[in-house]
$ cat work-v5.cif   # mmCIF, C-alpha atoms and all ligand atoms
data_target
loop_
_atom_site.label_atom_id
_atom_site.label_comp_id
_atom_site.auth_asym_id
_atom_site.auth_seq_id
_atom_site.Cartn_x
_atom_site.Cartn_y
_atom_site.Cartn_z
CA MET O 3 39.32 39.72 60.87
CA THR O 4 40.03 39.15 64.46
CA ALA O 5 39.11 37.12 67.47
CA ASP O 6 38.79 40.29 69.57
CA ARG O 7 35.35 41.11 68.16
CA ASP O 8 33.40 39.50 71.03
CA LYS O 9 35.63 41.14 73.62
CA ILE O 10 35.09 44.51 71.97
CA ILE O 11 31.30 44.03 72.13
CA GLU O 12 31.70 43.25 75.83
CA VAL O 13 33.79 46.37 76.41
CA LEU O 14 31.36 48.59 74.52
CA LYS O 15 28.47 47.20 76.56
CA GLY O 16 30.25 47.00 79.90
CA GLU O 17 32.35 50.15 80.17
CA ASP O 18 30.75 53.49 80.99
CA ARG O 19 33.27 56.03 79.76
CA PHE O 20 34.81 56.33 76.29
CA TYR O 21 37.14 58.50 74.31
CA LEU O 22 36.52 58.12 70.59
CA ILE O 23 39.31 59.22 68.29
CA SER O 24 39.69 59.31 64.52
CA HIS O 25 42.61 60.19 62.32
CA MET O 26 44.23 63.41 61.15
CA GLN O 27 43.14 64.98 57.87
CA PRO O 28 39.69 63.66 58.67
CA ASP O 29 37.71 62.21 55.76
CA GLY O 30 34.05 61.27 55.53
CA ASP O 31 34.57 57.78 56.93
CA SER O 32 36.57 58.90 59.94
CA ILE O 33 34.13 61.71 60.80
CA GLY O 34 30.99 59.69 60.04
CA SER O 35 32.22 56.70 62.06
CA LEU O 36 33.27 58.92 64.95
CA LEU O 37 29.92 60.71 65.14
CA ALA O 38 27.79 57.58 64.65
CA MET O 39 29.69 55.68 67.33
CA GLY O 40 29.67 58.73 69.64
CA GLU O 41 25.96 59.44 69.31
CA GLY O 42 25.19 55.72 69.44
CA LEU O 43 27.07 55.08 72.68
CA LYS O 44 25.53 58.20 74.21
CA SER O 45 22.05 56.99 73.32
CA ILE O 46 22.56 53.93 75.55
CA GLY O 47 23.73 56.05 78.47
CA LYS O 48 27.50 56.10 78.02
CA GLU O 49 29.70 59.06 78.78
CA VAL O 50 31.52 59.90 75.54
CA ARG O 51 34.06 62.43 74.35
CA MET O 52 34.95 62.59 70.66
CA PHE O 53 38.29 63.72 69.24
CA THR O 54 40.06 64.30 65.98
CA PRO O 55 43.52 65.86 65.67
CA GLY O 56 42.40 68.31 62.98
CA LEU O 57 39.57 70.53 61.92
CA ILE O 58 36.50 68.85 60.49
CA PRO O 59 36.10 69.78 56.82
CA ARG O 60 33.32 72.32 56.38
CA LYS O 61 31.27 70.00 54.18
CA TYR O 62 30.83 67.53 57.07
CA SER O 63 30.02 70.13 59.72
CA PHE O 64 26.25 69.65 59.29
CA LEU O 65 26.44 66.13 60.74
CA ASN O 66 24.94 65.73 64.19
CA GLY O 67 27.62 66.00 66.87
CA ALA O 68 30.28 67.60 64.64
CA ASP O 69 30.26 70.71 66.83
CA ARG O 70 31.10 68.61 69.89
CA VAL O 71 34.28 67.04 68.50
CA GLU O 72 37.38 68.20 70.38
CA ASN O 73 40.85 68.67 68.93
CA ASP O 74 43.03 68.26 72.00
CA ILE O 75 42.95 66.79 75.48
CA ALA O 76 44.62 68.17 78.58
CA ASP O 77 43.12 65.80 81.15
CA CYS O 78 43.35 62.34 79.60
CA ASP O 79 42.30 59.68 82.14
CA PRO O 80 43.99 56.36 81.22
CA GLN O 81 41.14 54.45 82.92
CA VAL O 82 38.75 55.59 80.20
CA THR O 83 38.47 53.22 77.23
CA ALA O 84 39.94 54.67 74.04
CA VAL O 85 38.27 53.65 70.78
CA ILE O 86 40.35 54.53 67.73
CA LEU O 87 38.55 54.58 64.41
CA ASP O 88 39.68 54.24 60.79
CA SER O 89 43.37 54.73 61.65
CA SER O 90 45.84 52.27 60.17
CA ASP O 91 48.57 53.24 62.64
CA ALA O 92 48.84 55.29 65.81
CA GLU O 93 50.86 57.98 64.03
CA ARG O 94 47.64 58.93 62.26
CA LEU O 95 46.44 60.32 65.59
CA GLY O 96 48.99 63.12 65.41
CA ILE O 97 49.16 65.23 68.55
CA LEU O 98 46.59 63.00 70.25
CA LYS O 99 48.67 59.85 69.96
CA GLU O 100 50.63 60.10 73.19
CA SER O 101 47.65 60.77 75.42
CA PHE O 102 45.41 58.04 74.09
CA MET O 103 48.06 55.35 73.63
CA GLU O 104 48.40 55.41 77.43
CA CYS O 105 44.82 54.32 77.98
CA ARG O 106 44.48 50.95 79.68
CA THR O 107 42.13 49.65 77.03
CA ILE O 108 42.64 50.71 73.43
CA VAL O 109 40.08 49.43 70.95
CA ASN O 110 41.32 49.66 67.36
CA ILE O 111 38.52 49.47 64.79
CA ASP O 112 39.53 49.78 61.16
CA HIS O 113 39.25 48.39 57.63
CA HIS O 114 42.71 49.24 56.24
CA VAL O 115 44.59 46.10 55.22
CA THR O 116 47.79 47.85 56.36
CA ASN O 117 46.54 48.28 59.95
CA GLN O 118 49.32 47.88 62.51
CA TRP O 119 47.18 46.20 65.23
CA TYR O 120 48.33 48.75 67.81
CA GLY O 121 45.25 48.33 70.05
CA THR O 122 44.94 46.17 73.14
CA LEU O 123 41.86 44.90 71.26
CA ASN O 124 41.72 44.95 67.49
CA LEU O 125 38.84 44.64 65.04
CA ILE O 126 40.30 44.89 61.56
CA ASP O 127 38.08 43.94 58.65
CA PRO O 128 39.65 44.70 55.27
CA ASN O 129 36.52 43.35 53.57
CA ALA O 130 34.47 46.21 54.98
CA SER O 131 34.12 49.07 52.49
CA ALA O 132 34.42 51.60 55.28
CA THR O 133 34.94 51.72 59.02
CA GLY O 134 31.33 52.96 59.03
CA GLU O 135 30.22 49.55 57.75
CA ILE O 136 31.90 47.86 60.76
CA ILE O 137 30.35 50.42 63.13
CA TYR O 138 26.89 49.70 61.69
CA TYR O 139 27.08 46.08 62.83
CA LEU O 140 28.69 46.89 66.18
CA LEU O 141 26.01 49.45 67.08
CA ASN O 142 23.27 46.99 66.15
CA GLU O 143 24.85 44.31 68.29
CA ILE O 144 25.13 46.50 71.37
CA GLY O 145 21.47 47.47 71.04
CA VAL O 146 21.73 51.02 69.69
CA TYR O 147 18.74 52.23 67.69
CA LEU O 148 20.09 53.83 64.50
CA ASP O 149 18.03 57.01 64.31
CA TYR O 150 18.06 59.53 61.44
CA SER O 151 21.23 61.35 62.47
CA ILE O 152 23.25 58.20 63.22
CA ALA O 153 22.10 56.74 59.89
CA GLU O 154 23.14 59.96 58.15
CA SER O 155 26.64 59.84 59.66
CA LEU O 156 27.06 56.18 58.66
CA TYR O 157 25.77 56.90 55.17
CA ILE O 158 28.39 59.65 54.77
CA ALA O 159 31.10 57.30 56.09
CA ILE O 160 30.22 54.56 53.60
CA SER O 161 29.38 56.70 50.58
CA THR O 162 32.64 58.67 50.83
CA ASP O 163 34.93 55.63 51.24
CA THR O 164 33.25 53.89 48.31
CA GLY O 165 33.32 57.02 46.12
CA SER O 166 29.51 57.03 46.00
CA PHE O 167 29.39 53.23 45.67
CA LYS O 168 31.61 53.31 42.60
CA TYR O 169 34.84 51.73 43.90
CA ASP O 170 35.55 48.01 43.87
CA ASN O 171 35.36 47.90 47.66
CA THR O 172 31.56 48.21 47.26
CA THR O 173 30.06 44.83 48.11
CA PRO O 174 26.59 43.35 48.45
CA THR O 175 27.01 43.92 52.20
CA THR O 176 27.75 47.60 51.57
CA HIS O 177 24.46 47.95 49.72
CA ARG O 178 22.53 45.94 52.31
CA VAL O 179 23.84 48.15 55.12
CA THR O 180 23.10 51.27 53.08
CA ALA O 181 19.58 50.06 52.33
CA GLU O 182 18.93 49.78 56.06
CA LEU O 183 20.28 53.29 56.63
CA LEU O 184 18.08 54.76 53.88
CA LYS O 185 15.01 53.44 55.70
CA GLN O 186 15.50 56.28 58.16
CA GLY O 187 14.41 58.68 55.40
CA LEU O 188 17.79 60.00 54.31
CA SER O 189 17.95 62.07 51.15
CA PRO O 190 20.82 60.68 49.03
CA GLY O 191 20.48 63.41 46.40
CA THR O 192 20.82 66.25 48.89
CA LEU O 193 23.66 64.51 50.72
CA SER O 194 25.67 63.80 47.59
CA GLN O 195 25.21 67.32 46.21
CA ARG O 196 26.51 68.59 49.54
CA VAL O 197 29.42 66.20 50.01
CA PHE O 198 30.51 65.19 46.48
CA ASP O 199 29.28 67.56 43.81
CA GLU O 200 29.50 71.03 45.19
CA ARG O 201 33.05 72.36 45.57
CA PRO O 202 34.38 75.76 46.51
CA MET O 203 35.81 77.91 43.72
CA SER O 204 39.27 77.43 45.26
CA PHE O 205 39.06 73.72 44.36
CA TYR O 206 38.66 74.55 40.67
CA ILE O 207 41.55 77.00 40.81
CA MET O 208 43.67 74.17 42.27
CA LEU O 209 42.40 71.71 39.68
CA LYS O 210 43.37 74.08 36.90
CA GLU O 211 46.91 74.26 38.34
CA ALA O 212 47.07 70.48 38.78
CA ILE O 213 46.01 69.77 35.21
CA SER O 214 48.49 72.26 33.79
CA SER O 215 51.27 70.39 35.68
CA LEU O 216 50.36 67.03 34.09
CA GLU O 217 53.21 64.77 33.03
CA ILE O 218 52.92 61.35 31.43
CA TYR O 219 55.38 58.45 31.80
CA GLU O 220 55.87 54.81 30.87
CA ASN O 221 54.03 54.66 27.59
CA ARG O 222 51.14 56.73 29.00
CA LYS O 223 50.60 54.30 31.87
CA ILE O 224 51.57 56.76 34.60
CA ALA O 225 50.10 60.23 35.01
CA VAL O 226 51.71 62.68 37.41
CA MET O 227 50.43 65.98 38.74
CA THR O 228 52.16 68.32 41.14
CA LEU O 229 50.86 71.03 43.44
CA SER O 230 52.76 73.23 45.84
CA ARG O 231 51.66 74.62 49.15
CA ASP O 232 52.31 78.02 47.67
CA ILE O 233 49.75 77.47 44.92
CA ARG O 234 47.27 76.16 47.44
CA GLN O 235 47.64 79.17 49.66
CA ARG O 236 47.20 81.53 46.73
CA SER O 237 44.03 79.71 45.70
CA GLY O 238 42.62 80.08 49.21
CA ALA O 239 41.88 76.34 49.43
CA SER O 240 42.07 74.58 52.78
CA SER O 241 44.04 71.31 52.77
CA ASP O 242 40.92 69.13 52.85
CA GLU O 243 39.78 70.80 49.65
CA LEU O 244 42.62 69.03 47.82
CA GLU O 245 40.66 65.83 48.31
CA GLY O 246 39.64 64.43 44.94
CA ILE O 247 42.17 66.19 42.74
CA VAL O 248 44.33 63.05 42.71
CA ASN O 249 41.47 61.11 41.10
CA TYR O 250 41.86 63.14 37.92
CA THR O 251 45.24 61.45 37.34
CA ARG O 252 43.74 57.97 37.23
CA ASN O 253 40.76 58.92 35.13
CA ILE O 254 42.81 59.57 31.99
CA GLU O 255 42.15 56.85 29.39
CA GLY O 256 44.99 54.30 29.25
CA VAL O 257 46.58 55.48 32.49
CA GLU O 258 47.08 52.68 35.01
CA LEU O 259 48.65 54.63 37.86
CA GLY O 260 47.96 58.21 38.90
CA ILE O 261 50.26 60.12 41.20
CA LEU O 262 49.77 63.50 42.83
CA PHE O 263 52.81 65.15 44.43
CA TYR O 264 51.90 67.73 46.99
CA VAL O 265 55.00 69.72 47.90
CA GLU O 266 54.70 70.85 51.52
CA ASN O 267 58.08 72.61 51.61
CA GLY O 268 61.73 72.08 50.60
CA SER O 269 62.01 68.90 52.66
CA GLU O 270 58.58 67.29 52.72
CA VAL O 271 56.42 65.92 49.94
CA LYS O 272 53.06 64.24 50.31
CA VAL O 273 52.18 61.69 47.62
CA GLY O 274 48.78 60.35 46.62
CA PHE O 275 48.38 57.21 44.48
CA ARG O 276 45.36 56.04 42.51
CA SER O 277 45.18 53.03 40.23
CA LYS O 278 42.81 51.15 37.97
CA THR O 279 44.09 47.60 38.61
CA VAL O 280 47.50 47.54 40.31
CA ASP O 281 47.80 47.42 44.11
CA VAL O 282 49.04 50.84 45.19
CA SER O 283 48.96 49.99 48.91
CA THR O 284 52.07 47.84 48.25
CA LEU O 285 53.70 50.69 46.37
CA ALA O 286 52.92 53.14 49.18
CA GLY O 287 54.13 50.56 51.71
CA ARG O 288 57.55 50.43 50.05
CA LEU O 289 57.75 54.18 50.62
CA ASN O 290 56.67 53.94 54.28
CA GLY O 291 53.07 54.82 53.52
CA GLY O 292 49.88 52.82 53.28
CA GLY O 293 46.26 52.73 52.25
CA HIS O 294 44.02 50.72 50.00
CA ALA O 295 44.61 48.73 46.83
CA ARG O 296 43.31 51.49 44.53
CA ALA O 297 43.98 54.52 46.71
CA ALA O 298 47.02 54.99 48.89
CA GLY O 299 49.61 57.54 49.89
CA CYS O 300 52.89 58.28 51.58
CA ARG O 301 54.99 61.14 52.83
CA LEU O 302 58.66 61.62 51.98
CA TYR O 303 61.00 63.87 53.88
CA GLU O 304 63.04 64.97 50.87
CA ASP O 305 63.08 67.77 48.39
CA TYR O 306 60.64 67.46 45.50
CA GLN O 307 63.11 66.26 42.86
CA THR O 308 64.55 63.51 45.12
CA ALA O 309 61.11 62.41 46.27
CA LYS O 310 59.82 62.30 42.71
CA ARG O 311 62.81 60.24 41.53
CA LYS O 312 62.30 57.70 44.34
CA VAL O 313 58.55 57.42 43.82
CA LEU O 314 58.81 57.05 40.05
CA ALA O 315 61.57 54.43 40.38
CA GLU O 316 59.28 52.32 42.60
CA ALA O 317 56.32 52.94 40.32
CA PHE O 318 58.25 51.86 37.21
CA LYS O 319 59.40 48.73 39.02
CA MET O 320 55.87 47.86 40.02
CA LEU O 321 54.44 48.30 36.53
CA GLU O 322 57.18 46.12 35.07
CA GLN O 323 56.17 43.20 37.31
MN MN A 1 38.02 54.52 55.93
#
$ encode --input "work-v5.cif" --output "structure tokens"
Amino acid sequence: MTADRDKIIEVLKGEDRFYLISHMQPDGDSIGSLLAMGEGLKSIGKEVRMFTPGLIPRKYSFLNGADRVENDIADCDPQVTAVILDSSDAERLGILKESFMECRTIVNIDHHVTNQWYGTLNLIDPNASATGEIIYYLLNEIGVYLDYSIAESLYIAISTDTGSFKYDNTTPTTHRVTAELLKQGLSPGTLSQRVFDERPMSFYIMLKEAISSLEIYENRKIAVMTLSRDIRQRSGASSDELEGIVNYTRNIEGVELGILFYVENGSEVKVGFRSKTVDVSTLAGRLNGGGHARAAGCRLYEDYQTAKRKVLAEAFKMLEQ
């Protein structure tokens, strides 16, 4: 937590113009938080532009405001307050980083324990299940009425980051906030079918490939799956459709740590970690990545075999402790 909270409330109330930015490879929390904050500030008369350095996954495009999110900025005015959401470090802003890091006031709102505190004002609450949970309280405090569409965006933010209220980051507060959101008449069944259950055929083609690549290490405590960009392209899946495949590694009985290697090319490998009890944010941190205790990731600029050797060496070390 941070002492900047009151100052951030002041800025949100007092300033008139905002750029809101969320991270690359946008997930439900980053998109939901961005749209809720954007629509909320607009509803109290603020001038708002919303940004994300990547395309919004199709399954979130129904959310109110999604069609107004921009991907680049040519005319960044450093006098406008930048509010950066759900991004543990500025690198997560990709091509937008340089423009927005020059803003005079940078408000950093996040719940990742690994957050780098790169804002001029920082509100980091690792106890919040999602950035959306933090936004819920901020919007209430600055006098925004949470209408149906804002509630829907916040519900998507919270339900995705808690894996439909299944992960250990789900707290009594999470449920209290969600209960308030549901009062707007949201339809949890329809939303979860749309966002969690229904997947494009390309996802299942990828899943089939991932499962056939399964390897088991360390007395069945570590499960590893590998996918290549080539396989992804052949399946027709977009990169956001990979989301969720990594969970299949952890869900194997007896497995403590699940790892998905996603081979980008001959010199870059993306790695996803999932665990049942061990802290994978520490593991990812040792490999210059980050994330949460049960879900984290990193990126190695090596060929697949080298990257795999390094990652497994760290993983073995961690499980021995
Ligand atoms: Mn998040």
$ residues_near_point --input "work-v5.cif" --point "(43.3, 62.9, 45.5)" --cutoff "8 Å" --atoms "only C-alpha atoms" --output "list in words"
Leu244, Glu245, Gly246, Ile247, Val248, Asn249, Tyr250, Leu262, Gly274, Phe275 and Arg276 of chain O
$ write_last_selection --input "work-v5.cif" --atoms "C-alpha atoms" --output "tab-separated table (two decimals), keeping the file's coordinate frame"
chain	number	residue	atom	x	y	z
O	244	LEU	CA	42.62	69.03	47.82
O	245	GLU	CA	40.66	65.83	48.31
O	246	GLY	CA	39.64	64.43	44.94
O	247	ILE	CA	42.17	66.19	42.74
O	248	VAL	CA	44.33	63.05	42.71
O	249	ASN	CA	41.47	61.11	41.10
O	250	TYR	CA	41.86	63.14	37.92
O	262	LEU	CA	49.77	63.50	42.83
O	274	GLY	CA	48.78	60.35	46.62
O	275	PHE	CA	48.38	57.21	44.48
O	276	ARG	CA	45.36	56.04	42.51
$ closest_residue --input "work-v5.cif" --among "O:Gly165, O:Pro202, O:Gly34, O:Pro174" --to "Ala297 of chain O" --atoms "all atoms listed in the file"
O:Gly165
$ closest_residue --input "work-v5.cif" --among "O:Val85, O:Ile111, O:Val271, O:Val197" --to "Ser166 of chain O" --atoms "only C-alpha atoms"
O:Val197
$ residues_near_ligand --input "work-v5.cif" --ligand "ligand MN 1 (chain A)" --cutoff "8 Å" --atoms "all atoms listed in the file" --output "number ranges by chain"
O: 29-32, 88-89, 112-114, 131-134, 159, 163
$ residues_around --input "work-v5.cif" --residues "Phe205 of chain O" --least-positions-apart "6" --cutoff "8 Å" --atoms "all atoms listed in the file" --output "ChimeraX atom specification"
/O:237,239,243-244
$ atom_distance --input "work-v5.cif" --atom1 "atom CA of Ile11 of chain O" --atom2 "atom CA of Gln81 of chain O"
17.9 Å
$ residues_around --input "work-v5.cif" --residues "Gly287 of chain O" --least-positions-apart "6" --cutoff "10 Å" --atoms "all atoms listed in the file" --output "number ranges by chain"
O: 116, 293, 298-300
$ write_last_selection --input "work-v5.cif" --atoms "C-alpha atoms" --output "compact mmCIF listing (two decimals), keeping the file's coordinate frame"
# COMPACT_ATOMS: atom_id res chain seq x y z
CA THR O 116 47.79 47.85 56.36
CA GLY O 293 46.26 52.73 52.25
CA ALA O 298 47.02 54.99 48.89
CA GLY O 299 49.61 57.54 49.89
CA CYS O 300 52.89 58.28 51.58
$ residues_around --input "work-v5.cif" --residues "Leu188 of chain O" --least-positions-apart "4" --cutoff "9 Å" --atoms "all atoms listed in the file" --output "list of chain:residue names"
O:Tyr150, O:Ser151, O:Ala153, O:Glu154, O:Tyr157, O:Leu183, O:Leu184, O:Thr192, O:Leu193
$ residues_around --input "work-v5.cif" --residues "Gly40 of chain O" --least-positions-apart "4" --cutoff "9 Å" --atoms "all atoms listed in the file" --output "PyMOL selection string"
chain O and resi 20-22+35-36+44-45+50-52+67
$ residues_around --input "work-v5.cif" --residues "Glu211 of chain O" --least-positions-apart "5" --cutoff "10 Å" --atoms "all atoms listed in the file" --output "ChimeraX atom specification"
/O:205-206,216,227-230,233-234,237
$ closest_residue --input "work-v5.cif" --among "O:Leu314, O:Ile10, O:Val82, O:Leu123" --to "Glu104 of chain O" --atoms "all atoms listed in the file"
O:Val82
$ closest_residue --input "work-v5.cif" --among "O:Thr251, O:Arg231, O:Leu87, O:Arg201" --to "Ser214 of chain O" --atoms "only C-alpha atoms"
O:Thr251
$ closest_residue --input "work-v5.cif" --among "O:Tyr306, O:Tyr139, O:Phe198, O:Tyr264" --to "Asp127 of chain O" --atoms "only C-alpha atoms"
O:Tyr139
$ closest_residue --input "work-v5.cif" --among "O:Ala309, O:Leu259, O:Leu98, O:Leu125" --to "Leu285 of chain O" --atoms "all atoms listed in the file"
O:Leu259
